[in-house]
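Chemist: I am sharing run05.txt, which consists of compact mmCIF, C-alpha atoms:
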```txt
# COMPACT_ATOMS: atom_id res chain seq x y z
CA TYR S 1 6.72 -0.95 -6.88
CA MET S 2 7.28 2.60 -7.96
CA ASP S 3 7.42 3.35 -11.67
CA LEU S 4 8.63 6.94 -11.76
CA GLU S 5 10.53 7.24 -15.02
CA GLU S 6 10.61 10.68 -16.62
CA GLU S 7 8.07 11.36 -19.36
CA THR S 8 8.51 13.71 -22.28
CA GLY S 9 6.05 16.51 -22.82
CA GLU S 10 3.05 17.07 -20.65
CA GLN S 11 2.43 14.32 -18.08
CA LYS S 12 -0.51 12.12 -19.10
CA GLU S 13 -3.09 11.24 -16.48
CA THR S 14 -3.78 7.83 -17.90
CA MET S 15 -3.26 4.18 -17.19
CA ASP S 16 -1.54 1.81 -19.56
CA GLY S 17 -0.59 -1.84 -19.52
CA GLY S 18 2.46 -1.16 -17.35
CA CYS S 19 0.49 0.37 -14.52
CA PRO S 20 0.31 -1.76 -11.35
CA ALA S 21 -3.44 -1.12 -11.25
CA GLY S 22 -4.10 -3.44 -14.18
CA ARG S 23 -4.63 -7.17 -13.79
CA ALA S 24 -1.77 -9.44 -14.72
CA ASP S 25 -2.21 -11.63 -17.77
CA GLY S 26 -1.84 -15.37 -17.56
CA GLU S 27 -2.84 -18.20 -15.31
CA ALA S 28 -2.20 -16.42 -12.02
CA ALA S 29 -4.60 -13.65 -12.98
CA ASP S 30 -7.28 -16.16 -13.94
CA SER S 31 -6.78 -17.97 -10.64
CA ALA S 32 -6.84 -14.89 -8.43
CA ARG S 33 -10.47 -15.37 -7.42
CA GLY S 34 -10.06 -19.11 -6.95
CA GLN S 35 -10.15 -21.23 -3.83
CA ILE S 36 -7.31 -20.81 -1.32
CA VAL S 37 -6.40 -23.86 0.75
CA PHE S 38 -3.97 -24.15 3.64
CA ASP S 39 -3.17 -27.87 3.63
CA ARG S 40 -1.69 -28.96 6.98
CA VAL S 41 0.63 -25.95 7.08
CA SER S 42 3.25 -25.77 9.82
CA PHE S 43 6.04 -23.24 10.05
CA HIS S 44 9.04 -22.17 12.07
CA TYR S 45 11.38 -19.29 11.29
CA PRO S 46 14.85 -20.16 9.96
CA GLU S 47 16.65 -18.98 13.10
CA SER S 48 14.42 -21.05 15.40
CA GLU S 49 13.15 -24.62 15.64
CA THR S 50 10.06 -23.60 17.62
CA MET S 51 6.93 -24.05 15.52
CA VAL S 52 4.92 -20.85 15.08
CA LEU S 53 2.09 -22.60 13.20
CA HIS S 54 0.93 -26.18 13.76
CA GLY S 55 -0.87 -28.12 11.03
CA ILE S 56 -3.21 -25.38 9.82
CA THR S 57 -5.91 -26.69 7.46
CA LEU S 58 -8.25 -24.02 6.15
CA LYS S 59 -10.29 -23.44 2.97
CA ILE S 60 -11.25 -19.96 1.71
CA ALA S 61 -13.85 -19.88 -1.07
CA PRO S 62 -13.71 -17.39 -3.98
CA GLY S 63 -15.18 -14.07 -2.85
CA GLU S 64 -15.31 -15.13 0.79
CA LYS S 65 -14.66 -12.57 3.52
CA LEU S 66 -12.68 -14.35 6.24
CA ALA S 67 -11.47 -12.86 9.49
CA ILE S 68 -8.44 -14.36 11.20
CA ALA S 69 -8.66 -13.59 14.90
CA GLY S 70 -6.40 -14.27 17.83
CA GLU S 71 -4.32 -12.65 20.49
CA ASN S 72 -0.91 -11.14 19.77
CA GLY S 73 1.57 -13.90 19.02
CA SER S 74 -1.06 -16.41 17.92
CA GLY S 75 0.41 -16.72 14.39
CA LYS S 76 -2.01 -14.52 12.41
CA THR S 77 0.58 -12.40 10.61
CA THR S 78 2.82 -15.41 9.98
CA LEU S 79 -0.06 -17.12 8.17
CA ILE S 80 -0.45 -14.06 5.94
CA LYS S 81 3.28 -13.87 5.23
CA LEU S 82 3.15 -17.45 4.00
CA LEU S 83 0.21 -16.64 1.72
CA CYS S 84 2.16 -13.66 0.33
CA ARG S 85 5.14 -15.97 -0.30
CA LEU S 86 7.45 -14.07 2.01
CA TYR S 87 8.25 -17.50 3.49
CA GLU S 88 7.64 -21.09 2.51
CA PRO S 89 5.84 -23.53 4.83
CA THR S 90 8.07 -25.81 6.86
CA GLU S 91 5.46 -28.51 6.36
CA GLY S 92 2.33 -28.67 4.22
CA ARG S 93 1.22 -26.62 1.21
CA ILE S 94 -0.79 -23.54 0.29
CA LEU S 95 -2.92 -24.06 -2.82
CA LEU S 96 -4.68 -21.70 -5.22
CA ASN S 97 -7.25 -23.57 -7.30
CA GLY S 98 -5.55 -26.82 -6.36
CA ARG S 99 -2.08 -25.65 -7.39
CA ASP S 100 0.80 -24.97 -5.01
CA ILE S 101 1.29 -21.20 -4.96
CA HIS S 102 5.06 -21.59 -5.23
CA THR S 103 4.70 -23.01 -8.73
CA PHE S 104 3.22 -19.75 -10.05
CA SER S 105 5.39 -16.98 -11.44
CA TYR S 106 6.01 -14.76 -8.43
CA GLY S 107 5.39 -11.55 -10.37
CA GLU S 108 2.01 -12.66 -11.69
CA TYR S 109 0.98 -14.18 -8.36
CA ILE S 110 1.75 -11.15 -6.22
CA ARG S 111 0.20 -8.68 -8.67
CA ASN S 112 -3.17 -10.23 -7.88
CA ILE S 113 -2.83 -9.75 -4.13
CA ALA S 114 -3.38 -6.36 -2.51
CA THR S 115 -2.13 -5.97 1.05
CA VAL S 116 -2.51 -3.42 3.80
CA PHE S 117 -0.15 -4.06 6.68
CA GLN S 118 0.06 -2.25 9.99
CA ASP S 119 3.53 -1.03 8.93
CA PHE S 120 3.34 0.74 5.58
CA ALA S 121 5.11 3.52 3.69
CA VAL S 122 3.73 6.86 2.51
CA PHE S 123 5.89 8.33 -0.22
CA ALA S 124 6.74 11.99 -0.74
CA PHE S 125 4.78 12.14 -4.00
CA SER S 126 1.27 13.22 -4.85
CA LEU S 127 -1.77 11.48 -3.43
CA ALA S 128 -2.56 9.98 -6.83
CA GLU S 129 1.00 8.69 -7.30
CA ASN S 130 0.90 7.18 -3.82
CA LEU S 131 -2.23 5.23 -4.73
CA ALA S 132 -1.04 4.05 -8.15
CA ALA S 133 2.61 3.56 -7.17
CA SER S 134 3.31 5.20 -10.52
CA ARG S 135 3.28 8.53 -12.32
CA ARG S 136 0.65 7.04 -14.62
CA TYR S 137 -2.74 6.78 -13.00
CA ASP S 138 -6.45 6.80 -13.70
CA PRO S 139 -7.96 9.88 -11.96
CA GLU S 140 -11.43 8.35 -11.75
CA LYS S 141 -10.09 5.24 -10.05
CA VAL S 142 -8.02 7.40 -7.69
CA TRP S 143 -11.10 9.32 -6.58
CA GLU S 144 -13.08 6.11 -6.22
CA ALA S 145 -10.37 4.56 -4.03
CA LEU S 146 -10.14 7.69 -1.90
CA ALA S 147 -13.91 7.64 -1.40
CA ARG S 148 -13.90 4.01 -0.34
CA ALA S 149 -11.14 4.65 2.17
CA GLY S 150 -12.80 7.75 3.61
CA LEU S 151 -10.34 10.31 2.22
CA GLN S 152 -12.44 11.96 -0.49
CA GLU S 153 -13.61 14.88 1.65
CA LYS S 154 -10.07 15.56 2.87
CA THR S 155 -8.71 15.51 -0.69
CA GLU S 156 -11.45 17.77 -2.06
CA LYS S 157 -10.34 20.48 0.36
CA LEU S 158 -6.72 20.40 -0.86
CA PRO S 159 -5.72 23.16 -3.34
CA LYS S 160 -4.32 20.64 -5.82
CA GLY S 161 -6.64 17.76 -5.01
CA ILE S 162 -5.15 14.40 -5.95
CA ARG S 163 -2.04 16.18 -7.28
CA GLN S 164 -1.20 17.51 -3.83
CA ALA S 165 2.17 16.31 -2.57
CA VAL S 166 2.25 14.28 0.61
CA SER S 167 4.88 15.76 2.99
CA HIS S 168 7.04 18.88 2.64
CA ASP S 169 10.17 16.96 1.69
CA TYR S 170 10.24 18.11 -1.94
CA GLU S 171 7.37 20.59 -2.28
CA GLU S 172 6.69 23.52 0.03
CA ASP S 173 2.92 23.23 -0.37
CA GLY S 174 2.88 19.54 0.51
CA VAL S 175 0.55 18.27 3.23
CA ASN S 176 1.29 16.15 6.26
CA LEU S 177 -1.24 13.44 6.96
CA SER S 178 -2.26 12.36 10.43
CA GLY S 179 -1.63 8.75 11.45
CA GLY S 180 -5.23 7.81 10.73
CA GLU S 181 -5.22 9.60 7.36
CA ALA S 182 -1.99 7.88 6.35
CA GLN S 183 -3.52 4.52 7.21
CA LYS S 184 -6.57 5.35 5.08
CA LEU S 185 -4.19 6.23 2.23
CA ALA S 186 -2.61 2.78 2.51
CA ILE S 187 -6.08 1.23 2.38
CA ALA S 188 -6.96 3.32 -0.69
CA ARG S 189 -3.79 2.05 -2.37
CA ALA S 190 -4.97 -1.52 -1.96
CA VAL S 191 -8.41 -0.64 -3.32
CA TYR S 192 -6.85 1.05 -6.37
CA LYS S 193 -4.81 -2.04 -7.21
CA ASP S 194 -8.03 -3.89 -8.10
CA ALA S 195 -6.67 -7.29 -7.07
CA GLY S 196 -8.72 -10.44 -6.71
CA ILE S 197 -7.40 -11.13 -3.20
CA VAL S 198 -7.26 -8.38 -0.57
CA ILE S 199 -5.36 -8.93 2.67
CA LEU S 200 -5.83 -6.59 5.62
CA ASP S 201 -3.34 -7.16 8.44
CA GLU S 202 -4.21 -4.83 11.32
CA PRO S 203 -4.93 -2.03 8.78
CA THR S 204 -6.94 0.12 11.19
CA ALA S 205 -4.61 -0.01 14.20
CA ALA S 206 -4.27 3.78 14.24
CA LEU S 207 -8.03 4.34 14.11
CA ASP S 208 -10.55 4.37 16.93
CA PRO S 209 -13.22 1.61 16.97
CA TYR S 210 -15.87 3.85 15.37
CA ALA S 211 -13.62 4.86 12.48
CA GLU S 212 -12.58 1.23 12.12
CA LYS S 213 -16.23 0.17 11.82
CA GLU S 214 -16.82 2.79 9.11
CA ILE S 215 -13.78 1.64 7.11
CA TYR S 216 -14.81 -2.01 7.21
CA GLU S 217 -18.38 -1.18 6.21
CA GLN S 218 -17.00 0.61 3.14
CA PHE S 219 -14.74 -2.31 2.29
CA PHE S 220 -17.51 -4.88 2.45
CA ARG S 221 -19.87 -2.64 0.49
CA HIS S 222 -17.48 -2.04 -2.41
CA LEU S 223 -15.38 -5.24 -2.54
CA ALA S 224 -18.22 -7.74 -2.86
CA GLU S 225 -16.53 -9.95 -5.48
CA GLU S 226 -12.99 -9.97 -4.12
CA THR S 227 -11.70 -12.53 -1.66
CA MET S 228 -10.83 -10.71 1.55
CA ILE S 229 -8.76 -11.93 4.48
CA SER S 230 -8.87 -9.62 7.48
CA VAL S 231 -6.42 -10.07 10.33
CA SER S 232 -7.00 -8.32 13.62
CA HIS S 233 -6.79 -8.84 17.35
CA ARG S 234 -9.67 -6.36 17.63
CA LEU S 235 -12.92 -8.17 16.89
CA SER S 236 -15.31 -5.41 15.83
CA SER S 237 -14.62 -6.09 12.14
CA CYS S 238 -15.30 -9.83 12.47
CA ARG S 239 -19.06 -9.28 12.58
CA PHE S 240 -19.01 -8.26 8.90
CA CYS S 241 -17.19 -11.40 7.71
CA ASP S 242 -18.62 -14.60 6.26
CA GLY S 243 -16.50 -16.65 8.63
CA ILE S 244 -13.92 -16.34 11.39
CA ALA S 245 -10.84 -18.51 11.92
CA VAL S 246 -9.52 -18.29 15.48
CA LEU S 247 -5.85 -18.99 16.13
CA ASP S 248 -4.38 -19.71 19.55
CA GLN S 249 -0.67 -20.40 20.03
CA GLY S 250 -0.27 -21.25 16.36
CA ARG S 251 -3.21 -23.63 16.16
CA LEU S 252 -6.60 -23.25 14.48
CA VAL S 253 -8.94 -23.73 17.44
CA GLN S 254 -12.29 -22.44 16.12
CA LEU S 255 -13.99 -21.78 12.79
CA GLY S 256 -17.45 -20.30 12.31
CA THR S 257 -19.52 -17.14 12.07
CA HIS S 258 -19.61 -14.42 14.71
CA GLU S 259 -22.92 -15.70 16.07
CA GLU S 260 -21.79 -19.33 16.05
CA LEU S 261 -18.59 -18.59 17.94
CA LEU S 262 -20.33 -16.41 20.51
CA GLY S 263 -22.61 -19.41 21.04
CA GLN S 264 -19.57 -21.31 22.32
CA PRO S 265 -19.06 -19.53 25.66
CA GLU S 266 -16.06 -21.66 26.61
CA GLY S 267 -14.30 -20.93 23.33
CA LYS S 268 -11.42 -18.54 22.68
CA TYR S 269 -13.49 -16.18 20.55
CA ALA S 270 -16.18 -15.64 23.18
CA GLU S 271 -13.45 -15.03 25.74
CA MET S 272 -11.78 -12.40 23.57
CA TRP S 273 -15.12 -10.77 22.69
CA ALA S 274 -16.05 -10.42 26.35
CA MET S 275 -12.70 -8.80 27.12
CA GLN S 276 -12.99 -6.30 24.26
CA ALA S 277 -16.72 -5.54 24.48
CA GLN S 278 -16.13 -2.18 26.13
CA TYR S 279 -14.60 -0.85 22.91
CA TYR S 280 -17.57 -1.46 20.63
CA THR S 281 -20.66 -2.11 22.74
CA SER S 282 -21.97 1.35 21.86
CA ALA S 283 -21.25 0.79 18.17
CA ASP S 284 -23.29 -2.43 18.22
CA ALA S 285 -26.33 -0.75 19.74
```
Let me see the structure of the file written as C-alpha cells.
Modeler:
Amino acid sequence: YMDLEEETGEQKETMDGGCPAGRADGEAADSARGQIVFDRVSFHYPESETMVLHGITLKIAPGEKLAIAGENGSGKTTLIKLLCRLYEPTEGRILLNGRDIHTFSYGEYIRNIATVFQDFAVFAFSLAENLAASRRYDPEKVWEALARAGLQEKTEKLPKGIRQAVSHDYEEDGVNLSGGEAQKLAIARAVYKDAGIVILDEPTAALDPYAEKEIYEQFFRHLAEETMISVSHRLSSCRFCDGIAVLDQGRLVQLGTHEELLGQPEGKYAEMWAMQAQYYTSADA
C-alpha cells in the first residue's frame, strides 16, 4: 500500500514505525516464521461448482524452502491465493502455528507475507519509493534489496541512483525498465519488506532460464531464515528447494526432494523434468 502523504520541509530518507518495511507487532508477527499447514483443503470458485483443489494436506516447516510444481491449470496459484487470504477454502483449513489463518487480524497477517506475482505493478515514482511503497525508506535496505534482485549495477549507472523516477509519466528524466528489469524490481520490493514468509508465484516468467537461476541463487543465499514458497511450471528453481510439492489437476500427487522425485521415473515430476530439460541442461553442467 502506498503511503505518499506530503511532508513538510526537506524529505527525510528514513524509516519509521509506519513504514511497510517494518514487522507488524502482535501475535501475527510472532507467528510469521511458524509452521504452515494445509489441512485437507479443497476449493472451488464462487461462480463454479467444479473443484479446483481436492483435499490438499501439506506441512511447511519454519524456514523451509518449498517449491510447488505442476503444469498450467494444476491449482498452484489457487493454493497461494488461499494462503494469502484472497479466498477461503471451500473445505478444510489453513493453519499458522496451529491456528486458522482467518482468525488473525488481516492487516497483521498480510504484513508478514511478501509476494511476487507474475502480474505486478511498477509505479511512476522513484526506485526507492517503488521498493518501500512509501516516501519514507531506508536507503541501505533499498540498496541491499536491489543487490539481491540483481539491479544494483543498473541503479548505480543512473544519474539519480535510487531517487531516479521509473517512467517518464511525471518526470522527463525518468527511466523505462525492460520487462526483466521490472520483474527484478518487483522481487526487490518483496525482499525490502523483510517478511517472515516469502511467496514467489512465477516471479521470473519474463527472464531466461540463466537469469532465473541467478535470481533464485541470490534468494536462497540471502533469505536463509525466511519461509519461502516458490510456484513455477518451470522446474530449474526446484533444485534449490528443501522440498517439492507436485500438483496435478488440483491434487497433491508427489512430495519430495528434486533427487527423490527424479528417482520416480513414472511420476509427474520426472515427466515434466524430461520435457523441460532442454531449457536448463547447460545450466546444470
Chemist: Report, in Å to a single decimal, how far apart CA of Glu214 (chain S) and CA of Gln183 (chain S) are.
Modeler: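 Those two atoms sit 13.5 Å apart.
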Chemist: When you draw a straight line from CA of Ala195 (chain S) to CA of Arg85 (chain S), how long is it in Å?
Modeler: 16.1 Å
Chemist: Can you work out the spacing between CA of Ala114 (chain S) and CA of Val198 (chain S) in Å, to one decimal?
Modeler: 4.8 Å
Chemist: Which residue is closest to Val175 (chain S)? Choose from S:Leu127, S:Val37, S:Val246, S:Leu200 and count only C-alpha atoms.
Modeler: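 Checking each of S:Leu127, S:Val37, S:Val246, S:Leu200 against Val175 (chain S), counting only C-alpha atoms, the winner is S:Leu127.
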Chemist: Which residues are close to Leu223 (chain S), i.e. within 9 Å by all atoms listed in the file, leaving aside same-chain residues fewer than 5 positions away? Reply as a ChimeraX atom specification.
Modeler: /S:63,191,198,218,228
Chemist: The selected residues should be written to file as a PDB file, in the frame of the given file (atoms: C-alpha atoms).
Modeler:
```pdb
ATOM      1  CA  GLY S  63     -15.180 -14.070  -2.850  1.00  0.00           C
ATOM      2  CA  VAL S 191      -8.410  -0.640  -3.320  1.00  0.00           C
ATOM      3  CA  VAL S 198      -7.260  -8.380  -0.570  1.00  0.00           C
ATOM      4  CA  GLN S 218     -17.000   0.610   3.140  1.00  0.00           C
ATOM      5  CA  MET S 228     -10.830 -10.710   1.550  1.00  0.00           C
TER       6      MET S 228
END
```
